[in-house]
Amino acid sequence: MSIQRFEGNGRMSKAVVFNNTIYLCGQTCGEGDIKEQTAGVLAKVEELLNQYGSDKKNILSITVYVKDMKDFADMNSVYDEWIVDGHEPARACVEAKMAREQLLVEMSVVAAVK
């Protein structure tokens, strides 16, 4: 079994595939309010999953980091529209200090290969 690492930058890889599982690094979008950033993050997640052999129906788990829990409901309003009924992943959501001031949400995703 080999580990495949994609788009490494010396610190991390955007995606790692091992044993028919895809691990995405934390995805962010630094533009707009929480709803716009959530939509941007989910678009990046979907693009990476498609690029490396999966899709949003095969997501196993998502960890959501929000800068402030006051944004929880607005983040969920976008997230809930994006998730496919019957294919909801396991999920955790925590409040966290972000790496850059403008970031409001970050998501880390694990998915099965199609």
# chains A, B, ... in the order shown; residues from 1 in each chain; ligands from 1
$ select_by_dssp --residues "chain A" --states "strand (DSSP E)" --output "number ranges by chain"
A: 4-6, 15-18, 21-24, 27-28, 59-66, 90-95, 105-112
$ write_last_selection --atoms "C-alpha atoms" --output "CSV table (one decimal), in the first residue's frame"
chain,number,residue,atom,x,y,z
A,4,GLN,CA,0.1,9.3,-2.5
A,5,ARG,CA,0.6,13.0,-1.6
A,6,PHE,CA,-0.6,15.8,-3.9
A,15,ALA,CA,-4.6,16.0,-0.4
A,16,VAL,CA,-3.2,12.6,0.7
A,17,VAL,CA,-4.7,9.3,-0.6
A,18,PHE,CA,-4.1,6.1,1.4
A,21,THR,CA,-9.3,7.2,1.6
A,22,ILE,CA,-8.7,10.9,0.7
A,23,TYR,CA,-7.6,13.3,3.4
A,24,LEU,CA,-7.8,17.0,2.6
A,27,GLN,CA,-9.7,24.5,3.4
A,28,THR,CA,-10.3,28.2,3.8
A,59,ILE,CA,-17.4,12.2,2.5
A,60,LEU,CA,-16.8,10.3,5.7
A,61,SER,CA,-16.2,13.1,8.1
A,62,ILE,CA,-15.8,16.9,8.3
A,63,THR,CA,-14.2,18.9,11.0
A,64,VAL,CA,-15.5,22.5,11.0
A,65,TYR,CA,-13.5,25.3,12.7
A,66,VAL,CA,-15.4,28.6,13.1
A,90,ALA,CA,-19.8,12.5,10.7
A,91,ARG,CA,-19.1,16.0,11.8
A,92,ALA,CA,-17.6,18.0,14.6
A,93,CYS,CA,-17.6,21.8,14.9
A,94,VAL,CA,-15.4,23.9,17.2
A,95,GLU,CA,-14.6,27.5,17.8
A,105,VAL,CA,-14.3,29.2,8.8
A,106,GLU,CA,-12.0,26.3,8.0
A,107,MET,CA,-12.9,22.7,7.1
A,108,SER,CA,-10.9,19.5,7.1
A,109,VAL,CA,-12.4,16.6,5.2
A,110,VAL,CA,-11.9,12.8,5.0
A,111,ALA,CA,-13.6,10.9,2.1
A,112,ALA,CA,-13.7,7.5,0.5
$ select_by_dssp --residues "chain A" --states "alpha helix (DSSP H)" --output "ChimeraX atom specification"
/A:34-51,72-82
$ closest_atom_pairs --of "stretch 41-69 of chain A" --to "stretch 32-36 of chain A" --cutoff "12 Å" --atoms "only C-alpha atoms" --output "Markdown table"
| residue | atom | partner | partner_atom | distance |
| --- | --- | --- | --- | --- |
| A:Val41 | CA | A:Glu36 | CA | 8.6 |
| A:Leu42 | CA | A:Glu36 | CA | 10.0 |
| A:Ala43 | CA | A:Glu36 | CA | 10.6 |
| A:Tyr65 | CA | A:Ile34 | CA | 11.7 |
| A:Val66 | CA | A:Ile34 | CA | 8.9 |
| A:Lys67 | CA | A:Ile34 | CA | 9.5 |
| A:Asp68 | CA | A:Ile34 | CA | 9.9 |
| A:Met69 | CA | A:Ile34 | CA | 10.9 |
$ write_last_selection --atoms "C-alpha atoms" --output "tab-separated table (two decimals), in the first residue's frame"
chain	number	residue	atom	x	y	z
A	41	VAL	CA	-14.66	26.48	1.29
A	42	LEU	CA	-17.24	23.92	0.17
A	43	ALA	CA	-16.55	24.71	-3.49
A	65	TYR	CA	-13.55	25.29	12.70
A	66	VAL	CA	-15.36	28.61	13.11
A	67	LYS	CA	-13.75	31.78	14.40
A	68	ASP	CA	-16.83	32.67	16.44
A	69	MET	CA	-19.78	30.43	17.36
$ atom_distance --atom1 "atom CA of A:Met1" --atom2 "atom CA of A:Asn19"
6.8 Å
